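**Q** To be precise about what I am sending: the file is called my_file.cif and holds mmCIF, C-alpha atoms.
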data_my_file
#
loop_
_atom_site.label_atom_id
_atom_site.label_comp_id
_atom_site.auth_asym_id
_atom_site.auth_seq_id
_atom_site.Cartn_x
_atom_site.Cartn_y
_atom_site.Cartn_z
CA MET A 1 328.47 81.36 42.92
CA LEU A 2 326.77 83.39 40.19
CA HIS A 3 326.46 80.31 38.10
CA GLU A 4 324.63 78.40 40.83
CA PHE A 5 322.15 81.28 41.34
CA GLN A 6 321.28 81.38 37.63
CA SER A 7 320.83 77.62 37.54
CA LEU A 8 318.34 77.80 40.47
CA ILE A 9 316.27 80.50 38.74
CA SER A 10 316.14 78.44 35.52
CA ARG A 11 314.81 75.39 37.41
CA LYS A 12 311.99 77.39 39.07
CA THR A 13 310.95 78.87 35.73
CA ARG A 14 310.68 75.48 34.09
CA ALA A 15 308.63 74.15 36.99
CA ARG A 16 306.07 76.98 36.63
CA ASN A 17 305.73 76.36 32.89
CA ARG A 18 305.06 72.65 33.46
CA THR A 19 302.30 73.46 35.96
CA THR A 20 300.64 75.89 33.53
CA ASP A 21 300.70 73.36 30.69
CA THR A 22 299.18 70.66 32.90
CA ASP A 23 296.24 72.88 33.94
CA THR A 24 295.62 73.83 30.31
CA LYS A 25 295.48 70.20 29.22
CA ARG A 26 293.09 69.27 32.02
CA ARG A 27 290.65 72.00 31.03
CA HIS A 28 290.84 71.01 27.40
CA VAL A 29 290.16 67.35 28.16
CA ALA A 30 287.12 68.26 30.29
CA ASN A 31 285.70 70.40 27.49
CA GLN A 32 286.14 67.64 24.95
CA GLY A 33 284.27 65.15 27.16
CA GLU A 34 281.04 67.20 26.98
CA THR A 35 278.65 65.96 24.32
CA GLY A 36 277.44 68.51 21.78
CA SER A 37 279.71 71.31 22.92
CA GLY A 38 282.49 72.93 21.08
CA LYS A 39 285.68 74.42 22.29
CA GLY A 40 285.11 77.57 24.24
CA MET A 41 281.27 77.37 23.88
CA PRO A 42 279.26 78.04 27.07
CA LEU A 43 277.15 75.13 28.32
CA PHE A 44 273.86 77.01 28.36
CA LEU A 45 274.19 77.61 24.56
CA SER A 46 274.58 73.95 23.63
CA GLY A 47 270.82 73.50 22.91
CA ASN A 48 270.66 69.86 24.12
CA ASN A 49 269.04 68.33 27.14
CA HIS A 50 271.62 68.01 29.83
CA ALA A 51 272.30 68.37 33.46
CA ALA A 52 275.42 70.24 34.37
CA SER A 53 276.83 70.58 37.84
CA THR A 54 278.26 73.86 38.88
CA ASN A 55 279.05 75.46 42.13
CA PHE A 56 275.67 77.27 41.93
CA GLY A 57 273.36 74.25 42.15
CA THR A 58 271.61 71.98 39.65
CA ILE A 59 269.84 73.32 36.54
CA HIS A 60 267.26 70.97 34.96
CA GLY A 61 266.70 71.58 31.29
CA THR A 62 263.59 70.24 29.41
CA GLY A 63 264.05 71.86 26.06
CA LYS A 64 261.20 74.33 26.92
CA GLU A 65 261.31 77.73 28.52
CA ASN A 66 260.23 77.80 32.12
CA ASN A 67 257.14 79.91 32.90
CA PRO A 68 257.99 82.23 35.80
CA GLU A 69 254.43 81.98 37.10
CA ASP A 70 254.52 78.15 37.23
CA VAL A 71 257.51 77.98 39.53
CA ALA A 72 257.22 79.07 43.10
CA ASN A 73 260.16 80.98 44.50
CA PRO A 74 262.12 78.65 46.75
CA THR A 75 262.85 79.72 50.27
CA GLU A 76 266.17 79.08 51.89
CA GLY A 77 266.09 75.87 53.87
CA GLU A 78 262.84 74.53 52.23
CA ALA A 79 262.35 71.54 49.93
CA ALA A 80 262.37 71.69 46.12
CA PRO A 81 260.01 74.40 44.71
CA VAL A 82 256.38 73.43 43.92
CA SER A 83 254.72 74.75 40.78
CA LYS A 84 251.57 76.89 40.95
CA LYS A 85 249.57 74.21 39.09
CA GLN A 86 250.61 71.57 41.59
CA ALA A 87 249.58 73.87 44.45
CA GLU A 88 246.16 74.49 42.84
CA ALA A 89 245.64 70.75 42.30
CA THR A 90 246.48 70.05 45.94
CA SER A 91 244.04 72.76 47.10
CA GLU A 92 241.22 71.35 44.92
CA MET A 93 241.86 67.85 46.26
CA SER A 94 241.71 69.10 49.87
CA GLN A 95 238.47 70.95 49.17
CA ALA A 96 236.87 67.88 47.57
CA LEU A 97 237.92 65.77 50.55
CA ALA A 98 236.35 68.29 52.98
CA GLU A 99 233.09 68.32 51.00
CA SER A 100 232.89 64.54 51.09
CA VAL A 101 232.81 64.50 54.95
CA ALA A 102 229.32 64.04 56.42
CA GLN A 103 227.97 67.28 57.88
CA VAL A 104 227.14 67.59 61.58
CA PRO A 105 223.33 67.86 61.96
CA PRO A 106 221.80 71.03 63.51
CA VAL A 107 221.35 71.04 67.27
CA SER A 108 218.32 72.32 69.16
CA GLY A 109 216.94 71.82 72.65
CA GLU A 110 215.61 73.46 75.78
CA GLY A 111 217.52 74.95 78.66
CA ARG A 112 217.11 73.74 82.20
CA GLY A 113 214.10 75.26 83.89
CA THR A 114 214.20 76.84 87.27
CA GLN A 115 211.54 77.37 89.88
CA SER A 116 210.94 80.22 92.24
CA VAL A 117 208.94 79.74 95.42
CA ALA A 118 206.97 82.40 97.24
CA TYR A 119 206.39 81.13 100.72
CA GLY A 120 202.77 81.24 101.86
CA LEU A 121 200.84 79.96 104.80
CA ALA A 122 197.34 78.57 104.39
CA LEU A 123 195.05 79.56 107.22
CA ARG A 124 191.77 77.84 107.97
CA GLY A 125 189.13 78.63 110.50
CA ARG A 126 186.33 76.48 111.78
CA THR A 127 182.80 77.27 112.86
CA ASP A 128 180.75 74.62 114.62
CA ALA A 129 176.95 74.93 114.84
CA ASN A 130 174.84 73.05 117.36
CA PHE A 131 171.16 73.12 116.44
CA SER A 132 168.48 72.65 119.06
CA ASN A 133 164.71 72.99 118.86
CA SER A 134 161.51 72.41 120.75
CA PHE A 135 157.76 72.65 120.09
CA SER A 136 154.45 72.93 121.86
CA THR A 137 150.77 73.35 121.05
CA VAL A 138 148.78 76.33 122.21
CA ASP A 139 145.09 77.23 122.14
CA THR A 140 144.15 73.59 121.59
CA GLN A 141 140.43 72.67 121.22
CA THR A 142 139.03 69.13 120.84
CA LYS A 143 135.72 68.15 119.27
CA PRO A 144 134.17 64.80 118.19
CA GLY A 145 135.45 63.67 114.84
CA LYS A 146 134.01 61.75 111.94
CA ASP A 147 135.35 59.07 109.62
CA CYS A 148 138.65 58.48 111.38
CA ALA A 149 140.82 55.79 109.88
CA GLY A 150 141.47 53.12 112.51
CA CYS A 151 139.09 54.24 115.27
CA THR A 152 135.47 55.17 116.02
CA GLY A 153 133.38 56.81 118.72
CA ALA A 154 135.13 58.91 121.32
CA GLU A 155 138.52 57.97 119.91
CA CYS A 156 137.83 59.86 116.71
CA VAL A 157 138.45 63.57 117.43
CA GLN A 158 138.93 66.88 115.67
CA VAL A 159 141.70 69.00 117.24
CA THR A 160 142.51 72.62 116.38
CA GLY A 161 145.21 74.94 117.71
CA THR A 162 148.65 76.37 117.05
CA LEU A 163 152.01 74.60 116.86
CA GLU A 164 154.72 76.74 118.32
CA SER A 165 158.29 75.74 117.33
CA ILE A 166 161.40 77.24 118.84
CA PHE A 167 164.72 76.97 116.97
CA SER A 168 168.11 77.84 118.41
CA VAL A 169 171.69 77.43 117.23
CA ALA A 170 174.91 77.76 119.21
CA THR A 171 178.04 78.53 117.19
CA GLN A 172 181.70 78.21 118.12
CA VAL A 173 184.48 79.70 116.01
CA THR A 174 187.99 78.27 116.17
CA LEU A 175 190.78 80.37 114.70
CA PRO A 176 194.46 79.42 114.33
CA SER A 177 196.98 81.02 116.63
CA VAL A 178 200.35 82.48 115.81
CA ALA A 179 201.75 80.10 118.41
CA ASP A 180 200.77 77.25 116.10
CA PHE A 181 203.65 78.29 113.80
CA PRO A 182 206.78 78.42 115.97
CA ASN A 183 209.29 78.72 113.12
CA LEU A 184 208.14 82.13 111.92
CA THR A 185 210.25 85.25 112.06
CA PRO A 186 208.89 88.29 113.93
CA CYS A 187 207.65 89.99 110.76
CA GLN A 188 206.06 86.75 109.59
CA ARG A 189 204.26 86.33 112.92
CA GLN A 190 202.92 89.84 112.58
CA ARG A 191 201.61 89.08 109.10
CA VAL A 192 199.92 85.91 110.29
CA GLN A 193 198.27 87.68 113.19
CA THR A 194 197.05 90.48 110.92
CA ALA A 195 195.61 87.94 108.50
CA ILE A 196 193.81 86.07 111.28
CA THR A 197 192.30 89.24 112.67
CA THR A 198 191.38 91.09 109.51
CA VAL A 199 190.62 88.31 107.02
CA LEU A 200 189.99 84.92 108.57
CA ALA A 201 187.96 85.98 111.60
CA PRO A 202 185.52 88.08 109.52
CA HIS A 203 185.03 85.15 107.18
CA GLU A 204 184.14 82.84 110.04
CA GLN A 205 181.69 85.42 111.31
CA GLN A 206 179.93 85.14 107.97
CA HIS A 207 179.43 81.44 108.74
CA VAL A 208 178.08 82.36 112.15
CA ALA A 209 175.58 84.73 110.57
CA ALA A 210 174.46 82.05 108.12
CA PHE A 211 173.85 79.56 110.92
CA ARG A 212 172.07 82.08 113.10
CA ALA A 213 169.35 82.36 110.48
CA TYR A 214 168.12 79.13 112.05
CA ASN A 215 167.24 80.88 115.27
CA GLY A 216 163.62 81.83 115.76
CA ILE A 217 160.08 80.88 116.74
CA THR A 218 157.40 79.78 114.34
CA ARG A 219 153.69 79.40 115.00
CA THR A 220 151.72 77.12 112.75
CA LYS A 221 147.93 76.66 113.08
CA PHE A 222 146.56 73.18 112.67
CA ASN A 223 143.14 71.48 112.27
CA LEU A 224 143.39 67.73 112.52
CA THR A 225 140.84 64.89 112.45
CA LEU A 226 142.45 61.75 113.73
CA CYS A 227 142.45 59.10 116.34
CA ARG A 228 143.27 60.52 119.73
CA SER A 229 146.33 58.25 120.09
CA GLU A 230 147.87 59.70 116.92
CA PHE A 231 147.81 63.35 117.96
CA ASP A 232 151.27 63.55 119.61
CA SER A 233 153.13 61.88 116.72
CA ARG A 234 151.30 64.00 114.17
CA ILE A 235 152.30 67.25 115.94
CA GLN A 236 155.93 66.10 116.28
CA SER A 237 156.09 65.23 112.57
CA MET A 238 154.84 68.73 111.71
CA HIS A 239 157.55 70.28 113.87
CA GLU A 240 160.33 68.07 112.51
CA ALA A 241 159.39 68.87 108.94
CA ALA A 242 159.63 72.59 109.73
CA GLU A 243 162.91 72.11 111.58
CA THR A 244 164.47 70.14 108.73
CA THR A 245 163.63 72.82 106.23
CA ARG A 246 164.93 75.58 108.51
CA GLN A 247 168.23 73.87 109.25
CA ALA A 248 168.82 73.03 105.58
CA SER A 249 168.33 76.67 104.69
CA ALA A 250 170.91 77.80 107.27
CA GLN A 251 173.40 75.13 106.20
CA ALA A 252 173.07 76.07 102.53
CA ALA A 253 173.82 79.72 103.35
CA SER A 254 176.96 78.67 105.21
CA ASP A 255 178.13 76.31 102.48
CA ALA A 256 177.82 79.08 99.91
CA LEU A 257 180.69 80.92 101.64
CA ASP A 258 183.16 78.15 100.86
CA PRO A 259 185.58 77.21 99.47
CA PHE A 260 187.57 80.07 100.91
CA GLU A 261 191.15 80.17 99.58
CA PHE A 262 193.43 82.25 101.73
CA GLU A 263 197.20 82.28 102.11
CA VAL A 264 199.46 84.63 104.01
CA ASP A 265 202.42 86.04 102.12
CA LEU A 266 205.45 85.42 104.31
CA ASN A 267 207.98 87.19 102.08
CA CYS A 268 209.10 89.87 104.47
CA GLN A 269 212.29 91.00 106.11
CA ASP A 270 212.63 92.06 109.72
CA GLN A 271 213.59 95.67 110.19
CA LYS A 272 216.80 96.20 112.08
CA ALA A 273 216.28 97.98 115.35
CA THR A 274 217.57 101.55 115.26
CA LEU A 275 218.87 103.15 118.43
CA SER A 276 217.41 106.58 119.01
CA PRO A 277 219.77 109.20 120.44
CA PRO A 278 219.38 109.70 124.20
CA SER A 279 217.39 112.65 125.42
CA GLN A 280 219.02 115.59 127.15
CA ALA A 281 217.82 114.37 130.54
CA GLU A 282 219.31 110.91 129.93
CA SER A 283 222.57 112.49 128.77
CA ALA A 284 222.76 114.66 131.89
CA THR A 285 222.12 111.65 134.11
CA THR A 286 224.84 109.65 132.39
CA GLU A 287 227.36 112.48 132.73
CA SER A 288 226.57 112.88 136.43
CA GLU A 289 227.05 109.16 136.99
CA LEU A 290 230.41 109.27 135.24
CA ALA A 291 231.49 112.24 137.37
#
Could you write out this file's structure as structure tokens?

**A**
Amino acid sequence: MLHEFQSLISRKTRARNRTTDTDTKRRHVANQGETGSGKGMPLFLSGNNHAASTNFGTIHGTGKENNPEDVANPTEGEAAPVSKKQAEATSEMSQALAESVAQVPPVSGEGRGTQSVAYGLALRGRTDANFSNSFSTVDTQTKPGKDCAGCTGAECVQVTGTLESIFSVATQVTLPSVADFPNLTPCQRQRVQTAITTVLAPHEQQHVAAFRAYNGITRTKFNLTLCRSEFDSRIQSMHEAAETTRQASAQAASDALDPFEFEVDLNCQDQKATLSPPSQAESATTESELA
């Protein structure tokens, strides 16, 4: 029994020794397969260009020392690090590309205009003038005439006297009425009526005064030598000449008053009716009715 136990322990010991020898040989063979390295020499001291795989990643050697400023610190999960020079070159390329794009031209213009309306109402009056006139001769004396053109003898006369002319004008003023504008509000109607009464009517009365300058009586003395048959027409021509001048003068005075520009400002708001408190008598009456 003791012999079998010792034999088992001896077999286990030999098995462990064989495993240790095998691992030692494997490591020695791997070290001999590396070019330019000696036994027991670390890889980073070999001095040759190489790429060695370890459990810590891949180290790329170029035979030169890496500048810490030229290598950007990699971030976990990102792609391979980019050097600072490469980043600067990319930035310069992007800037050059942006500068090569055609610039948008400046913009200018005008905003949309608006219009405000102040409502007005144009009022016009009218004054009609009817001119009438008449004439007559007074204090007429007839004597024989000499050297009449177109007649001789008793037909040629000399007539003296006075031509009396009467001139009269009838005027009629027509003013607009508030009723002519049915779409007005109460305050607008009041404004229109005030304008008619205080502005338009006085203006039309100025026209009346200008026309009334026509009214009157004129007396013109005459001394005529002519054929008897020509007397009536000659007197009428004298009167008509005077009348024409008189009417033209009155019309010119009236025309000088125009044009008359006048509009009523309709921008107004109606005042809301306010209820005044009842008097004491009204209150007493109401209370008695309720009782």

**Q** What lies within 12 Å of Asp255 of chain A using all atoms listed in the file, ignoring chain neighbours under 6 positions off, as a compact mmCIF listing (two decimals) with C-alpha atoms, keeping the file's coordinate frame?

**A**
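Output file around_0.txt is given in full below:
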# COMPACT_ATOMS: atom_id res chain seq x y z
CA THR A 127 182.80 77.27 112.86
CA GLU A 204 184.14 82.84 110.04
CA GLN A 206 179.93 85.14 107.97
CA HIS A 207 179.43 81.44 108.74
CA VAL A 208 178.08 82.36 112.15
CA ALA A 209 175.58 84.73 110.57
CA ALA A 210 174.46 82.05 108.12
CA PHE A 211 173.85 79.56 110.92
CA ALA A 248 168.82 73.03 105.58
CA SER A 249 168.33 76.67 104.69

**Q** Give the answer as one residue: which of A:Val159, A:Leu200, A:Ala122, A:Cys151 has the shortest atom-to-atom distance to Asp265 of chain A, using only C-alpha atoms?

**A**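 For Asp265 of chain A, the nearest of the candidates is A:Ala122.
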
**Q** A:Ser134, A:Gln193, A:Gln172, A:Thr140: which is nearest Glu243 of chain A, counting only C-alpha atoms?

**A**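 Once distances to Glu243 of chain A are computed over only C-alpha atoms, the minimum belongs to A:Ser134.
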
**Q** State, in Å with one decimal place, the distance from atom CA of Phe222 of chain A to atom CA of Phe135 of chain A.

**A**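 Interatomic distance here is 13.4 Å.
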
**Q** Would you compute the distance between atom CA of Val199 of chain A and atom CA of Phe131 of chain A? Give it in Å to one decimal.

**A** 26.4 Å

**Q** Quick one, how far is atom CA of Thr245 of chain A from atom CA of Arg126 of chain A?

**A**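 Distance between the two atoms: 23.7 Å.
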
**Q** Please write as a list in words the full residue list that the PyMOL selection byres ((chain A and resi 160) around 12) yields on this file.

**A**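 For this structure, the PyMOL selection byres ((chain A and resi 160) around 12) resolves to Thr137, Val138, Asp139, Thr140, Gln141, Thr142, Lys143, Pro144, Gly145, Val157, Gln158, Val159, Gly161, Thr162, Leu163, Thr220, Lys221, Phe222, Asn223, Leu224, Thr225, Leu226, Phe231 and Ile235 of chain A.
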
**Q** Take the residues just selected and output them with C-alpha atoms as a compact mmCIF listing (two decimals), in the coordinates of the input.

**A**
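Below is the file that was written, out-v2.txt:
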# COMPACT_ATOMS: atom_id res chain seq x y z
CA THR A 137 150.77 73.35 121.05
CA VAL A 138 148.78 76.33 122.21
CA ASP A 139 145.09 77.23 122.14
CA THR A 140 144.15 73.59 121.59
CA GLN A 141 140.43 72.67 121.22
CA THR A 142 139.03 69.13 120.84
CA LYS A 143 135.72 68.15 119.27
CA PRO A 144 134.17 64.80 118.19
CA GLY A 145 135.45 63.67 114.84
CA VAL A 157 138.45 63.57 117.43
CA GLN A 158 138.93 66.88 115.67
CA VAL A 159 141.70 69.00 117.24
CA GLY A 161 145.21 74.94 117.71
CA THR A 162 148.65 76.37 117.05
CA LEU A 163 152.01 74.60 116.86
CA THR A 220 151.72 77.12 112.75
CA LYS A 221 147.93 76.66 113.08
CA PHE A 222 146.56 73.18 112.67
CA ASN A 223 143.14 71.48 112.27
CA LEU A 224 143.39 67.73 112.52
CA THR A 225 140.84 64.89 112.45
CA LEU A 226 142.45 61.75 113.73
CA PHE A 231 147.81 63.35 117.96
CA ILE A 235 152.30 67.25 115.94

**Q** Step by step, work through what the PyMOL selection byres ((chain A and resi 247) around 12) selects in the shown file, and finish by giving those residues as a PyMOL selection string.

**A** chain A and resi 129-133+167-169+210-216+240-246+248-254

**Q** What are the centre and the three edge lengths of an axis-aligned box that wraps all atoms of segment 267-273 of chain A in the file, given that 8 Å is added to every side, written as JSON and rounded to one decimal in Å?

**A**
{"center_x": 212.4, "center_y": 92.6, "center_z": 108.7, "size_x": 24.8, "size_y": 26.8, "size_z": 29.3}

**Q** Please evaluate the PyMOL selection byres ((chain A and resi 271) around 12) against the structure above and give the resulting residues as a list in words.

**A**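 With the shown file as input, the PyMOL selection byres ((chain A and resi 271) around 12) matches Thr185, Pro186, Cys187, Gln188, Cys268, Gln269, Asp270, Lys272, Ala273 and Thr274 of chain A.
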
**Q** What would the file look like if the residues just selected were written as a compact mmCIF listing (two decimals), in the coordinates of the input with C-alpha atoms?

**A**
# COMPACT_ATOMS: atom_id res chain seq x y z
CA THR A 185 210.25 85.25 112.06
CA PRO A 186 208.89 88.29 113.93
CA CYS A 187 207.65 89.99 110.76
CA GLN A 188 206.06 86.75 109.59
CA CYS A 268 209.10 89.87 104.47
CA GLN A 269 212.29 91.00 106.11
CA ASP A 270 212.63 92.06 109.72
CA LYS A 272 216.80 96.20 112.08
CA ALA A 273 216.28 97.98 115.35
CA THR A 274 217.57 101.55 115.26

**Q** Given only C-alpha atoms as the basis, pick out the residue of A:Ser165, A:Leu121, A:Arg234, A:Asp128 nearest to Phe181 of chain A.

**A** A:Leu121

**Q** Pick the closest to Ser229 of chain A from A:Pro105, A:Asp147, A:Thr152, A:Ser91: which is it, counting all atoms listed in the file?

**A**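 Of A:Pro105, A:Asp147, A:Thr152, A:Ser91, the one nearest Ser229 of chain A, counting all atoms listed in the file, is A:Thr152.
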
**Q** Under the rule that all atoms listed in the file are counted, which of A:Arg219, A:His239, A:Arg189, A:His203 is the nearest residue to Asn267 of chain A?

**A**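 Looking only at the distances to Asn267 of chain A, the closest residue turns out to be A:Arg189.
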